[in-house]
$ cat upload20.txt   # compact mmCIF, C-alpha atoms
# COMPACT_ATOMS: atom_id res chain seq x y z
CA MET A 1162 53.15 -27.87 -40.26
CA ALA A 1163 51.20 -26.38 -37.44
CA ARG A 1164 47.46 -27.10 -37.31
CA VAL A 1165 45.27 -24.03 -37.62
CA PRO A 1166 42.36 -24.30 -35.18
CA SER A 1167 38.97 -24.11 -36.85
CA LEU A 1168 36.79 -21.12 -36.13
CA PHE A 1169 33.88 -23.47 -35.60
CA ALA A 1170 35.70 -25.65 -33.16
CA PRO A 1171 33.61 -24.59 -30.15
CA LEU A 1172 30.41 -25.45 -32.02
CA THR A 1173 31.43 -28.83 -33.31
CA LEU A 1174 29.98 -31.74 -31.48
CA PRO A 1175 32.17 -34.56 -30.28
CA ARG A 1176 32.06 -37.54 -32.55
CA ARG A 1177 29.80 -40.23 -31.24
CA SER A 1178 29.66 -43.83 -32.19
CA ARG A 1179 26.46 -45.34 -33.54
CA LEU A 1180 25.97 -47.35 -30.42
CA ASP A 1181 26.34 -44.36 -28.15
CA PRO A 1182 22.89 -42.83 -27.65
CA VAL A 1183 22.75 -39.05 -28.07
CA ARG A 1184 22.32 -37.79 -24.54
CA PRO A 1185 22.45 -34.15 -23.57
CA ASP A 1186 25.36 -33.29 -21.38
CA LEU A 1187 24.98 -32.36 -17.73
CA ARG A 1188 24.78 -28.62 -18.39
CA THR A 1189 22.01 -29.00 -20.99
CA ARG A 1190 20.04 -31.31 -18.71
CA TYR A 1191 20.39 -28.79 -15.88
CA LEU A 1192 19.09 -26.03 -18.15
CA ILE A 1193 16.11 -28.12 -19.34
CA VAL A 1194 15.12 -28.97 -15.76
CA LEU A 1195 15.53 -25.33 -14.73
CA VAL A 1196 13.35 -24.02 -17.58
CA LEU A 1197 10.64 -26.65 -16.99
CA ALA A 1198 10.60 -25.97 -13.25
CA ALA A 1199 10.39 -22.20 -13.85
CA LEU A 1200 7.50 -22.63 -16.30
CA ALA A 1201 5.67 -24.88 -13.85
CA ALA A 1202 6.23 -22.39 -11.03
CA GLY A 1203 5.06 -19.46 -13.18
CA ILE A 1204 1.90 -21.17 -14.43
CA GLY A 1205 1.20 -22.67 -10.99
CA SER A 1206 1.50 -19.29 -9.31
CA THR A 1207 -0.94 -17.80 -11.86
CA TRP A 1208 -3.40 -20.59 -11.10
CA ALA A 1209 -3.01 -20.09 -7.35
CA VAL A 1210 -3.43 -16.32 -7.53
CA LEU A 1211 -6.54 -16.39 -9.74
CA GLY A 1212 -9.09 -17.44 -7.16
CA GLU A 1213 -12.49 -15.84 -6.66
CA LYS A 1214 -11.04 -12.45 -5.80
CA PRO A 1215 -8.17 -10.53 -7.36
CA PRO A 1216 -4.95 -10.39 -5.30
CA VAL A 1217 -4.76 -6.60 -5.75
CA GLY A 1218 -7.15 -3.66 -5.74
CA ALA A 1219 -9.14 -4.49 -2.60
CA VAL A 1220 -10.74 -1.68 -0.60
CA LYS A 1221 -11.34 -2.59 3.06
CA LEU A 1222 -14.30 -1.19 4.98
CA GLY A 1223 -14.42 -2.83 8.40
CA PRO A 1224 -15.13 -6.53 7.78
CA TRP A 1225 -16.17 -5.78 4.19
CA GLN A 1226 -14.00 -5.90 1.13
CA SER A 1227 -14.71 -4.41 -2.28
CA PHE A 1228 -12.99 -4.61 -5.67
CA PRO A 1229 -14.30 -1.50 -7.46
CA ARG A 1230 -11.89 -1.83 -10.38
CA LEU A 1231 -13.55 -5.08 -11.50
CA GLY A 1232 -16.45 -2.99 -12.79
CA SER A 1233 -14.42 -0.26 -14.43
CA ALA A 1234 -12.39 0.34 -17.58
CA ASP A 1235 -9.07 0.36 -15.67
CA ILE A 1236 -9.44 -3.21 -14.48
CA ASP A 1237 -6.09 -4.84 -13.65
CA PRO A 1238 -4.81 -7.93 -15.52
CA TYR A 1239 -5.58 -10.24 -12.58
CA GLY A 1240 -9.17 -9.01 -12.41
CA ARG A 1241 -9.52 -9.42 -16.15
CA ALA A 1242 -8.17 -12.99 -15.96
CA ILE A 1243 -10.59 -13.85 -13.11
CA LEU A 1244 -13.57 -12.50 -15.07
CA ALA A 1245 -12.41 -14.45 -18.11
CA ARG A 1246 -12.50 -17.77 -16.27
CA GLY A 1247 -16.27 -17.86 -15.84
CA PRO A 1248 -19.40 -15.88 -16.57
CA HIS A 1249 -19.26 -12.93 -14.16
CA LEU A 1250 -21.17 -9.67 -14.39
CA PRO A 1251 -19.60 -7.33 -11.83
CA LEU A 1252 -21.44 -4.17 -10.89
CA ALA A 1253 -20.20 -1.29 -13.01
CA ALA A 1254 -18.61 1.65 -11.23
CA GLY A 1255 -21.61 3.90 -11.84
CA GLU A 1256 -24.12 1.16 -11.20
CA GLY A 1257 -23.43 0.27 -7.59
CA ILE A 1258 -21.04 -1.20 -5.04
CA GLN A 1259 -20.51 -4.79 -4.01
CA LEU A 1260 -19.05 -5.60 -0.59
CA ASN A 1261 -18.00 -9.09 0.52
CA ALA A 1262 -17.39 -10.19 4.10
CA ALA A 1263 -15.75 -13.49 5.00
CA THR A 1264 -15.05 -12.46 8.60
CA ASP A 1265 -16.87 -10.63 11.37
CA SER A 1266 -15.76 -7.23 12.67
CA ALA A 1267 -13.35 -8.92 15.11
CA GLY A 1268 -11.65 -10.75 12.23
CA ALA A 1269 -13.00 -14.27 12.95
CA THR A 1270 -14.16 -16.37 9.99
CA LEU A 1271 -17.94 -16.41 9.54
CA SER A 1272 -19.35 -19.79 10.53
CA GLY A 1273 -22.78 -21.35 10.11
CA SER A 1274 -22.69 -22.61 13.68
CA CYS A 1275 -22.71 -19.08 15.13
CA ARG A 1276 -25.22 -16.25 15.54
CA TYR A 1277 -24.33 -12.77 14.35
CA ARG A 1278 -25.73 -9.28 14.58
CA ILE A 1279 -25.37 -7.09 11.49
CA SER A 1280 -25.97 -3.54 12.61
CA GLY A 1281 -25.30 0.07 11.77
CA THR A 1282 -25.88 2.39 8.86
CA THR A 1283 -26.08 1.69 5.17
CA LEU A 1284 -24.80 3.75 2.25
CA PRO A 1285 -27.22 6.09 0.52
CA SER A 1286 -28.65 4.15 -2.42
CA ARG A 1287 -31.87 3.33 -4.26
CA GLY A 1288 -31.83 -0.16 -2.81
CA TRP A 1289 -29.55 -2.75 -1.28
CA THR A 1290 -29.45 -6.52 -1.01
CA LEU A 1291 -27.73 -8.77 1.51
CA VAL A 1292 -27.04 -12.30 0.24
CA VAL A 1293 -25.47 -15.37 1.88
CA ALA A 1294 -22.81 -17.03 -0.29
CA ASN A 1295 -20.74 -20.17 0.14
CA GLY A 1296 -17.06 -20.06 1.06
CA ALA A 1297 -16.17 -19.49 -2.61
CA SER A 1298 -18.24 -16.24 -2.79
CA ARG A 1299 -20.98 -17.90 -4.83
CA PRO A 1300 -24.52 -17.05 -3.73
CA LEU A 1301 -26.47 -20.06 -2.55
CA THR A 1302 -29.12 -21.01 -5.07
CA GLY A 1303 -32.35 -23.04 -5.12
CA THR A 1304 -33.90 -23.89 -1.77
CA ASP A 1305 -30.74 -22.79 0.06
CA ALA A 1306 -30.93 -19.30 -1.38
CA VAL A 1307 -31.10 -16.76 1.40
CA GLY A 1308 -30.98 -13.03 1.48
CA LEU A 1309 -32.71 -9.79 2.28
CA THR A 1310 -33.37 -6.51 0.55
CA ASP A 1311 -33.89 -3.07 2.05
CA ALA A 1312 -37.62 -3.61 1.56
CA ASP A 1313 -37.54 -6.60 3.96
CA VAL A 1314 -35.73 -4.84 6.79
CA LEU A 1315 -37.15 -2.52 9.43
CA THR A 1316 -34.85 0.23 10.65
CA ASP A 1317 -34.98 2.46 13.73
CA GLU A 1318 -35.81 6.16 13.71
CA ALA A 1319 -32.21 7.06 12.84
CA GLY A 1320 -32.33 4.71 9.87
CA LYS A 1321 -29.98 2.20 11.50
CA LEU A 1322 -30.59 -1.48 10.96
CA SER A 1323 -30.13 -4.50 13.20
CA ILE A 1324 -30.32 -7.95 11.62
CA THR A 1325 -29.80 -11.24 13.43
CA ALA A 1326 -28.10 -13.82 11.24
CA SER A 1327 -28.44 -17.37 12.51
CA PRO A 1328 -29.51 -20.86 11.39
CA GLN A 1329 -32.38 -20.75 13.93
CA VAL A 1330 -35.40 -18.49 13.59
CA SER A 1331 -35.03 -15.20 15.42
CA SER A 1332 -37.43 -12.35 16.15
CA GLY A 1333 -37.05 -9.03 14.34
CA ASN A 1334 -35.01 -8.78 11.18
CA TRP A 1335 -33.66 -12.28 10.58
CA LEU A 1336 -31.23 -13.58 8.00
CA ARG A 1337 -31.26 -17.37 7.77
CA LEU A 1338 -27.81 -18.90 7.73
CA PRO A 1339 -27.11 -22.30 6.20
CA GLN A 1340 -25.89 -25.07 8.50
CA GLN A 1341 -22.43 -25.15 7.04
CA ALA A 1342 -18.95 -24.44 8.28
CA ARG A 1343 -18.13 -21.36 6.28
CA PHE A 1344 -20.12 -18.70 4.51
CA GLU A 1345 -19.73 -15.21 3.16
CA LEU A 1346 -22.03 -12.20 3.14
CA ILE A 1347 -22.44 -10.11 0.00
CA LEU A 1348 -23.89 -6.63 0.42
CA ARG A 1349 -24.73 -4.68 -2.74
CA PHE A 1350 -25.83 -1.06 -2.94
CA TYR A 1351 -27.56 -0.09 -6.17
CA ASP A 1352 -27.30 3.35 -7.71
CA THR A 1353 -25.28 4.85 -4.89
CA PRO A 1354 -23.62 8.27 -5.25
CA VAL A 1355 -20.53 7.06 -3.36
CA SER A 1356 -19.58 4.32 -5.83
CA SER A 1357 -16.74 6.40 -7.26
CA SER A 1358 -15.33 7.37 -3.84
CA ILE A 1359 -15.46 4.07 -2.01
CA SER A 1360 -11.79 4.19 -1.00
CA GLN A 1361 -12.44 7.37 1.00
CA LEU A 1362 -15.40 5.94 2.95
CA ASP A 1363 -15.40 5.61 6.72
CA PRO A 1364 -15.91 1.98 7.87
CA ALA A 1365 -18.70 3.30 10.13
CA ALA A 1366 -20.70 4.05 6.97
CA VAL A 1367 -21.34 0.32 6.47
CA PRO A 1368 -22.83 -2.22 8.90
CA ARG A 1369 -20.76 -4.03 11.53
CA ILE A 1370 -20.86 -7.81 11.92
CA ASP A 1371 -20.67 -8.94 15.55
CA ARG A 1372 -20.64 -12.54 16.71
CA LEU A 1373 -23.23 -13.16 19.45
CA ALA A 1374 -22.74 -16.85 20.27
CA CYS A 1375 -21.57 -20.14 18.79
CA GLU A 1376 -22.76 -23.71 19.21
CA GLY A 1377 -20.38 -26.43 20.20
CA MET B 549 83.84 -31.25 22.70
CA THR B 550 80.59 -29.96 23.72
CA HIS B 551 81.80 -26.47 23.06
CA ALA B 552 83.09 -27.35 19.63
CA ALA B 553 79.89 -29.10 18.81
CA LEU B 554 77.92 -26.02 19.75
CA GLU B 555 80.05 -23.85 17.54
CA GLN B 556 79.18 -25.88 14.46
CA PRO B 557 76.64 -24.16 12.21
CA ILE B 558 73.16 -25.58 12.32
CA LYS B 559 72.31 -27.14 9.04
CA ALA B 560 68.67 -27.05 8.06
CA THR B 561 67.59 -30.33 6.72
CA PRO B 562 66.01 -29.78 3.29
CA PRO B 563 62.51 -31.21 2.96
CA ASP B 564 62.38 -34.30 1.01
CA ARG B 565 60.78 -34.20 -2.36
CA GLN B 566 57.80 -36.38 -1.42
CA SER B 567 56.67 -34.25 1.53
CA LEU B 568 57.07 -31.09 -0.55
CA SER B 569 54.94 -32.51 -3.30
CA LEU B 570 52.29 -33.60 -0.75
CA ALA B 571 52.18 -30.12 0.82
CA MET B 572 51.88 -28.45 -2.57
CA ARG B 573 49.14 -30.81 -3.60
CA ALA B 574 47.23 -30.15 -0.38
CA ALA B 575 47.53 -26.40 -0.86
CA SER B 576 46.41 -26.53 -4.45
CA GLN B 577 43.53 -28.84 -3.55
CA GLN B 578 42.42 -26.45 -0.86
CA GLN B 579 42.62 -23.57 -3.32
CA LEU B 580 40.76 -25.61 -5.91
CA ARG B 581 38.08 -26.48 -3.37
CA ARG B 582 37.74 -22.82 -2.47
CA LEU B 583 37.46 -21.89 -6.14
CA MET B 584 34.96 -24.64 -6.75
CA ALA B 585 32.85 -23.49 -3.79
CA ARG B 586 32.93 -19.98 -5.17
CA GLY B 587 32.05 -21.32 -8.63
CA ASN B 588 29.19 -23.41 -7.26
CA PHE B 589 27.78 -20.43 -5.42
CA ALA B 590 27.97 -18.26 -8.54
CA ARG B 591 26.35 -21.03 -10.59
CA MET B 592 23.57 -21.45 -8.01
CA LEU B 593 22.96 -17.72 -7.94
CA HIS B 594 22.88 -17.61 -11.71
CA GLY B 595 20.44 -20.53 -11.76
CA LEU B 596 18.20 -18.91 -9.17
CA VAL B 597 18.07 -15.61 -11.05
CA LEU B 598 17.30 -17.45 -14.29
CA PHE B 599 14.58 -19.51 -12.55
CA LEU B 600 12.92 -16.44 -11.03
CA ALA B 601 13.06 -14.49 -14.29
CA LEU B 602 11.56 -17.36 -16.29
CA ALA B 603 8.87 -18.04 -13.66
CA ALA B 604 7.90 -14.34 -13.57
CA LEU B 605 7.74 -14.27 -17.37
CA ALA B 606 5.52 -17.37 -17.46
CA HIS B 607 3.30 -15.87 -14.71
CA ILE B 608 2.86 -12.56 -16.55
CA LEU B 609 2.28 -14.19 -19.94
CA THR B 610 -0.35 -16.65 -18.68
CA THR B 611 -2.16 -13.88 -16.77
CA LEU B 612 -2.28 -11.70 -19.88
CA LEU B 613 -3.18 -14.52 -22.28
CA ILE B 614 -6.08 -16.03 -20.29
CA PRO B 615 -8.56 -13.23 -21.23
CA ARG B 616 -7.44 -13.35 -24.85
CA TYR B 617 -8.20 -17.04 -25.29
CA ALA B 618 -11.04 -17.39 -22.76
CA ARG B 619 -14.38 -18.66 -24.04
CA GLN B 620 -16.19 -18.78 -20.69
CA ASP B 621 -16.37 -15.06 -19.94
CA SER B 622 -19.75 -13.32 -20.23
CA GLY B 623 -18.60 -11.29 -23.23
CA SER B 624 -17.88 -14.48 -25.18
CA LEU B 625 -20.82 -16.56 -23.91
CA PHE B 626 -23.50 -13.95 -24.58
CA VAL B 627 -22.10 -12.29 -27.70
CA VAL B 628 -25.01 -13.71 -29.74
CA ALA B 629 -27.66 -12.80 -27.16
CA GLY B 630 -30.33 -10.36 -28.24
CA ALA B 631 -30.19 -11.39 -31.89
CA GLU B 632 -33.96 -10.83 -32.13
CA GLY B 633 -33.47 -7.15 -31.34
CA ARG B 634 -34.53 -7.53 -27.68
CA ALA B 635 -32.42 -8.45 -24.66
CA ASP B 636 -32.33 -12.10 -23.61
CA LEU B 637 -33.05 -12.81 -19.97
CA ILE B 638 -30.21 -14.57 -18.14
CA GLY B 639 -29.69 -15.42 -14.51
CA THR B 640 -28.94 -18.08 -11.98
CA ASP B 641 -31.64 -20.53 -13.02
CA VAL B 642 -30.51 -21.08 -16.62
CA THR B 643 -28.15 -23.84 -17.73
CA PRO B 644 -25.15 -24.16 -15.39
CA GLU B 645 -22.70 -23.37 -18.22
CA THR B 646 -24.16 -19.92 -18.72
CA ALA B 647 -25.26 -19.20 -15.14
CA ILE B 648 -23.64 -16.04 -13.83
CA ILE B 649 -21.35 -17.14 -11.02
CA ASP B 650 -21.86 -14.19 -8.71
CA ALA B 651 -25.31 -12.97 -9.83
CA ASP B 652 -27.45 -11.27 -7.24
CA PRO B 653 -30.63 -13.39 -6.85
CA PHE B 654 -32.52 -10.14 -6.22
CA THR B 655 -31.94 -8.83 -9.73
CA ALA B 656 -33.27 -9.56 -13.20
CA ILE B 657 -30.63 -9.43 -15.91
CA GLY B 658 -31.07 -8.99 -19.66
CA VAL B 659 -28.21 -9.12 -22.14
CA CYS B 660 -27.60 -8.05 -25.74
CA GLY B 661 -24.36 -9.04 -27.47
CA PHE B 662 -22.70 -6.85 -30.07
CA ASP B 663 -20.06 -7.12 -32.74
CA LEU B 664 -19.17 -3.69 -34.04
CA THR B 665 -17.70 -5.09 -37.25
CA ASP B 666 -21.37 -5.43 -38.30
CA GLY B 667 -21.95 -1.74 -37.58
CA PRO B 668 -22.82 0.46 -34.59
CA LEU B 669 -25.41 -0.68 -32.05
CA ARG B 670 -28.28 1.42 -30.78
CA VAL B 671 -29.47 0.56 -27.26
CA ARG B 672 -32.82 1.79 -25.99
CA ALA B 673 -34.53 0.93 -22.71
CA ARG B 674 -37.55 2.27 -20.92
CA SER B 675 -37.28 3.15 -17.23
CA GLY B 676 -39.88 1.99 -14.75
CA GLN B 677 -40.66 1.91 -11.05
CA LEU B 678 -37.78 -0.43 -10.22
CA PRO B 679 -34.14 0.69 -10.22
CA LEU B 680 -32.63 -0.11 -13.63
CA ALA B 681 -29.05 0.27 -14.87
CA LEU B 682 -27.43 -0.44 -18.22
CA SER B 683 -23.72 -1.24 -18.53
CA VAL B 684 -21.43 -2.14 -21.42
CA HIS B 685 -18.99 -5.00 -20.74
CA VAL B 686 -16.21 -5.86 -23.16
CA ARG B 687 -15.15 -9.31 -24.22
CA GLY B 688 -12.29 -10.46 -22.01
CA GLY B 689 -13.45 -8.46 -18.96
CA GLY B 690 -13.96 -4.82 -18.06
CA VAL B 691 -16.83 -2.34 -18.09
CA PHE B 692 -16.37 0.87 -20.02
CA TYR B 693 -19.78 2.51 -19.67
CA ALA B 694 -22.71 2.44 -17.27
CA VAL B 695 -25.83 4.51 -16.88
CA THR B 696 -28.76 4.30 -14.50
CA ASP B 697 -32.38 5.19 -15.15
CA LYS B 698 -31.76 8.52 -13.39
CA ALA B 699 -30.26 9.65 -16.70
CA ALA B 700 -33.41 8.69 -18.61
CA GLN B 701 -35.00 11.43 -20.68
CA ARG B 702 -38.78 11.21 -20.86
CA GLY B 703 -38.49 7.71 -19.46
CA ILE B 704 -36.05 6.51 -22.12
CA ILE B 705 -32.37 5.58 -21.80
CA GLU B 706 -30.73 5.55 -25.21
CA PHE B 707 -27.16 5.44 -26.50
CA VAL B 708 -25.14 4.20 -29.47
CA VAL B 709 -22.15 1.88 -29.08
CA LEU B 710 -19.56 2.27 -31.84
CA ASN B 711 -15.85 1.96 -32.50
CA GLN B 712 -13.49 4.89 -33.08
CA LEU B 713 -13.72 4.70 -36.90
CA GLN B 714 -17.52 4.64 -36.82
CA PHE B 715 -17.49 7.51 -34.34
CA ASP B 716 -15.22 9.60 -36.61
CA ALA B 717 -17.41 8.83 -39.62
CA ARG B 718 -20.49 9.90 -37.69
CA VAL B 719 -18.88 13.11 -36.48
CA ALA B 720 -17.87 13.94 -40.08
CA ARG B 721 -21.49 13.35 -41.16
CA ASP B 722 -22.92 15.62 -38.47
CA ASP B 723 -24.11 19.01 -39.70
CA ASP B 724 -22.18 21.92 -38.26
CA GLY B 725 -24.06 23.91 -35.67
CA GLU B 726 -26.80 21.33 -35.27
CA SER B 727 -27.19 19.79 -31.85
CA ILE B 728 -26.61 16.04 -31.79
CA ARG B 729 -29.34 14.14 -30.01
CA GLU B 730 -27.61 10.86 -29.46
CA LEU B 731 -25.20 9.70 -26.80
CA ARG B 732 -22.22 7.99 -28.44
CA VAL B 733 -20.15 5.48 -26.51
CA VAL B 734 -16.84 4.44 -28.11
CA SER B 735 -15.95 0.82 -27.39
CA PRO B 736 -12.26 -0.07 -27.05
CA VAL B 737 -12.87 -3.56 -28.47
CA PRO B 738 -15.21 -4.75 -31.27
CA GLN B 739 -17.14 -7.34 -29.24
CA GLY B 740 -18.98 -7.19 -25.95
CA ILE B 741 -22.36 -7.18 -24.26
CA VAL B 742 -24.84 -4.61 -23.00
CA VAL B 743 -26.33 -5.62 -19.64
CA ALA B 744 -29.64 -4.38 -18.25
CA ARG B 745 -30.04 -5.00 -14.53
CA ALA B 746 -33.21 -4.32 -12.56
CA LEU B 747 -33.50 -4.67 -8.79
CA VAL B 748 -36.17 -7.06 -7.47
CA LYS B 749 -36.92 -5.82 -3.96
CA GLN B 750 -39.98 -8.03 -3.43
CA PRO B 751 -40.83 -11.39 -5.00
CA SER B 752 -43.89 -9.72 -6.52
CA ASP B 753 -41.54 -7.38 -8.45
CA ARG B 754 -39.94 -10.24 -10.36
CA GLN B 755 -42.22 -10.19 -13.41
CA THR B 756 -42.06 -6.41 -13.71
CA ALA B 757 -38.26 -6.46 -13.44
CA GLU B 758 -37.97 -9.21 -16.06
CA ALA B 759 -40.26 -7.31 -18.43
CA LEU B 760 -38.18 -4.17 -17.85
CA VAL B 761 -34.86 -5.80 -18.81
CA ARG B 762 -36.41 -7.79 -21.67
CA GLY B 763 -37.67 -4.50 -23.01
CA MET B 764 -34.17 -3.29 -23.77
CA ALA B 765 -33.95 -2.96 -27.56
CA CYS B 766 -30.62 -3.45 -29.34
CA GLY B 767 -30.53 -2.79 -33.05
CA SER B 768 -28.41 -1.45 -35.84
CA ALA B 769 -27.60 2.26 -35.65
CA SER B 770 -26.18 2.57 -39.16
$ encode --input "upload20.txt" --output "structure tokens"
Amino acid sequence: MARVPSLFAPLTLPRRSRLDPVRPDLRTRYLIVLVLAALAAGIGSTWAVLGEKPPVGAVKLGPWQSFPRLGSADIDPYGRAILARGPHLPLAAGEGIQLNAATDSAGATLSGSCRYRISGTTLPSRGWTLVVANGASRPLTGTDAVGLTDADVLTDEAGKLSITASPQVSSGNWLRLPQQARFELILRFYDTPVSSSISQLDPAAVPRIDRLACEG
Amino acid sequence: MTHAALEQPIKATPPDRQSLSLAMRAASQQQLRRLMARGNFARMLHGLVLFLALAALAHILTTLLIPRYARQDSGSLFVVAGAEGRADLIGTDVTPETAIIDADPFTAIGVCGFDLTDGPLRVRARSGQLPLALSVHVRGGGVFYAVTDKAAQRGIIEFVVLNQLQFDARVARDDDGESIRELRVVSPVPQGIVVARALVKQPSDRQTAEALVRGMACGSAS
């Protein structure tokens, strides 16, 4: 009599002896490793992408960079995840504009061993502040805290400013830089009418950052 | 003899069985190797696609889930602020856990938390000499409303934060034809914070700015 093959034959496991430990076959092990590696890569890439600034949504204005969507209702998932990782209070879209610069106008990284001139025009606003932050975009606090407001700075007849940023004292408008390798500048304009049209702004509408000299 | 020998038909010697079997085995092995190479490539491609799809899925899921389960965002940390009916002053010099990471040292910041499941929230602030702005941040990140003191009427900025159901109930309660004298802001989520930010242009402005943001009143609007 011919044997009728069972319908469940493909699902039945081979019989194992008691002494034979249950080990997944090569294909199952390959799948487990693949899934674990993919999960690690996915979570690792999320961790790498969620730094201090979102990977998308940047608006470039000369050496300055802004992320206007961080302070709006249509914030992207990356921005939302970055804000969720620590107490942040970004400027709302109708409240003002925040610009960050990690490089000068020539594209070189800002360094505490150099002197810079920050010059040009500023956006129309009810006030602005210029703050020195560390390499992770966090404003320096305590005795290291440095910055200027529009009330501290003298402008020429055309309303253009010229600030010397250096670790050593300088005449005129001076922004003290910390003696450290890297820093960032954060420029905020409060109650500016251009906050909703920042992507259409001309880079000449914001100050330039020019390197004057470096030590060593 | 030579002629006769040449006239004899040439007989092809049949390959012996062993060499034939060796040749066939070589050919089949080559074919098998080719098939295996093709199979390996297909398997590698399949594995790569599966890896990329799973990694992308894990990336998207973690990015979307971080705000949902975060407890360190401002909306979660300050949700109980302003319980006394006045904004609590926060800034860079408070405890490191609640210090705003990117706060402007030239501003004074006051915060009121809200939970709309307890009812709508009425926010009222008085404008002053220093630039002042109020903004509503939701838990998990995002700002859905902001107003500056330019919008103040008789020196007062006032609005009501409520959810869609509360808004509908309020609209149904409104008398027809009567002008409504309150600004209603519908929040997409039940929890969040209202932030008052005043600019401190000079060190001597600090106390005035702090008094301005502390003066923001947040109370029930039921």
$ residues_around --input "upload20.txt" --residues "Asp1313 of chain A" --least-positions-apart "4" --cutoff "9 Å" --atoms "only C-alpha atoms" --output "PDB file with C-alpha atoms, in the coordinates of the input"
ATOM      1  CA  LEU A1309     -32.710  -9.790   2.280  1.00  0.00           C
ATOM      2  CA  ASN A1334     -35.010  -8.780  11.180  1.00  0.00           C
TER       3      ASN A1334
ATOM      4  CA  LYS B 749     -36.920  -5.820  -3.960  1.00  0.00           C
ATOM      5  CA  GLN B 750     -39.980  -8.030  -3.430  1.00  0.00           C
TER       6      GLN B 750
END
$ interface_residues --input "upload20.txt" --of "chain B" --to "chain A" --cutoff "6 Å" --atoms "all atoms listed in the file" --output "mmCIF file with C-alpha atoms, in the frame of the given file"
data_model
loop_
_atom_site.group_PDB
_atom_site.id
_atom_site.type_symbol
_atom_site.label_atom_id
_atom_site.label_comp_id
_atom_site.auth_asym_id
_atom_site.auth_seq_id
_atom_site.Cartn_x
_atom_site.Cartn_y
_atom_site.Cartn_z
ATOM 1 C CA PHE B 599 14.580 -19.510 -12.550
ATOM 2 C CA LEU B 602 11.560 -17.360 -16.290
ATOM 3 C CA ALA B 603 8.870 -18.040 -13.660
ATOM 4 C CA ALA B 604 7.900 -14.340 -13.570
ATOM 5 C CA ALA B 606 5.520 -17.370 -17.460
ATOM 6 C CA HIS B 607 3.300 -15.870 -14.710
ATOM 7 C CA ILE B 614 -6.080 -16.030 -20.290
ATOM 8 C CA PRO B 615 -8.560 -13.230 -21.230
ATOM 9 C CA ALA B 618 -11.040 -17.390 -22.760
ATOM 10 C CA GLN B 620 -16.190 -18.780 -20.690
ATOM 11 C CA ASP B 621 -16.370 -15.060 -19.940
ATOM 12 C CA SER B 622 -19.750 -13.320 -20.230
ATOM 13 C CA ILE B 648 -23.640 -16.040 -13.830
ATOM 14 C CA ILE B 649 -21.350 -17.140 -11.020
ATOM 15 C CA ASP B 650 -21.860 -14.190 -8.710
ATOM 16 C CA GLY B 688 -12.290 -10.460 -22.010
ATOM 17 C CA GLY B 689 -13.450 -8.460 -18.960
ATOM 18 C CA GLY B 690 -13.960 -4.820 -18.060
ATOM 19 C CA VAL B 691 -16.830 -2.340 -18.090
ATOM 20 C CA PHE B 692 -16.370 0.870 -20.020
ATOM 21 C CA ALA B 694 -22.710 2.440 -17.270
ATOM 22 C CA LYS B 749 -36.920 -5.820 -3.960
#
$ axis_aligned_box --input "upload20.txt" --around "segment 1260-1274 of chain A" --padding-each-side "6 Å" --output "lines of an AutoDock Vina configuration file"
center_x = -17.2
center_y = -14.1
center_z = 7.3
size_x = 23.1
size_y = 29.0
size_z = 27.7
$ atom_distance --input "upload20.txt" --atom1 "atom CA of Leu1284 of chain A" --atom2 "atom CA of Val1355 of chain A"
7.8 Å
$ atom_distance --input "upload20.txt" --atom1 "atom CA of Ile741 of chain B" --atom2 "atom CA of Asp666 of chain B"
14.2 Å
$ atom_distance --input "upload20.txt" --atom1 "atom CA of Asp652 of chain B" --atom2 "atom CA of Gln1340 of chain A"
21.0 Å
$ residues_around --input "upload20.txt" --residues "segment 1280-1283 of chain A" --least-positions-apart "5" --cutoff "12 Å" --atoms "all atoms listed in the file" --output "count of residues only"
43
$ closest_residue --input "upload20.txt" --among "A:Val1293, A:Cys1275, A:Leu1187, A:Ala1262" --to "Gln1226 of chain A" --atoms "only C-alpha atoms"
A:Ala1262
$ residues_around --input "upload20.txt" --residues "Glu706 of chain B" --least-positions-apart "5" --cutoff "7 Å" --atoms "only C-alpha atoms" --output "PyMOL selection string"
chain B and resi 671-673
$ closest_residue --input "upload20.txt" --among "A:Val1194, A:Leu1373, A:Ala1342, A:Leu1222" --to "Ser1272 of chain A" --atoms "all atoms listed in the file"
A:Ala1342
$ residues_around --input "upload20.txt" --residues "Gln701 of chain B" --least-positions-apart "4" --cutoff "12 Å" --atoms "all atoms listed in the file" --output "MDAnalysis selection string"
chainID B and resid 672:675 696:697 705:707 729:731
$ closest_residue --input "upload20.txt" --among "A:Ala1263, A:Asn1295, A:Arg1190, A:Ser1357" --to "Leu1338 of chain A" --atoms "all atoms listed in the file"
A:Asn1295
$ closest_residue --input "upload20.txt" --among "B:Cys660, B:Ala681, B:Asn711, B:Ala575" --to "Ile638 of chain B" --atoms "only C-alpha atoms"
B:Cys660
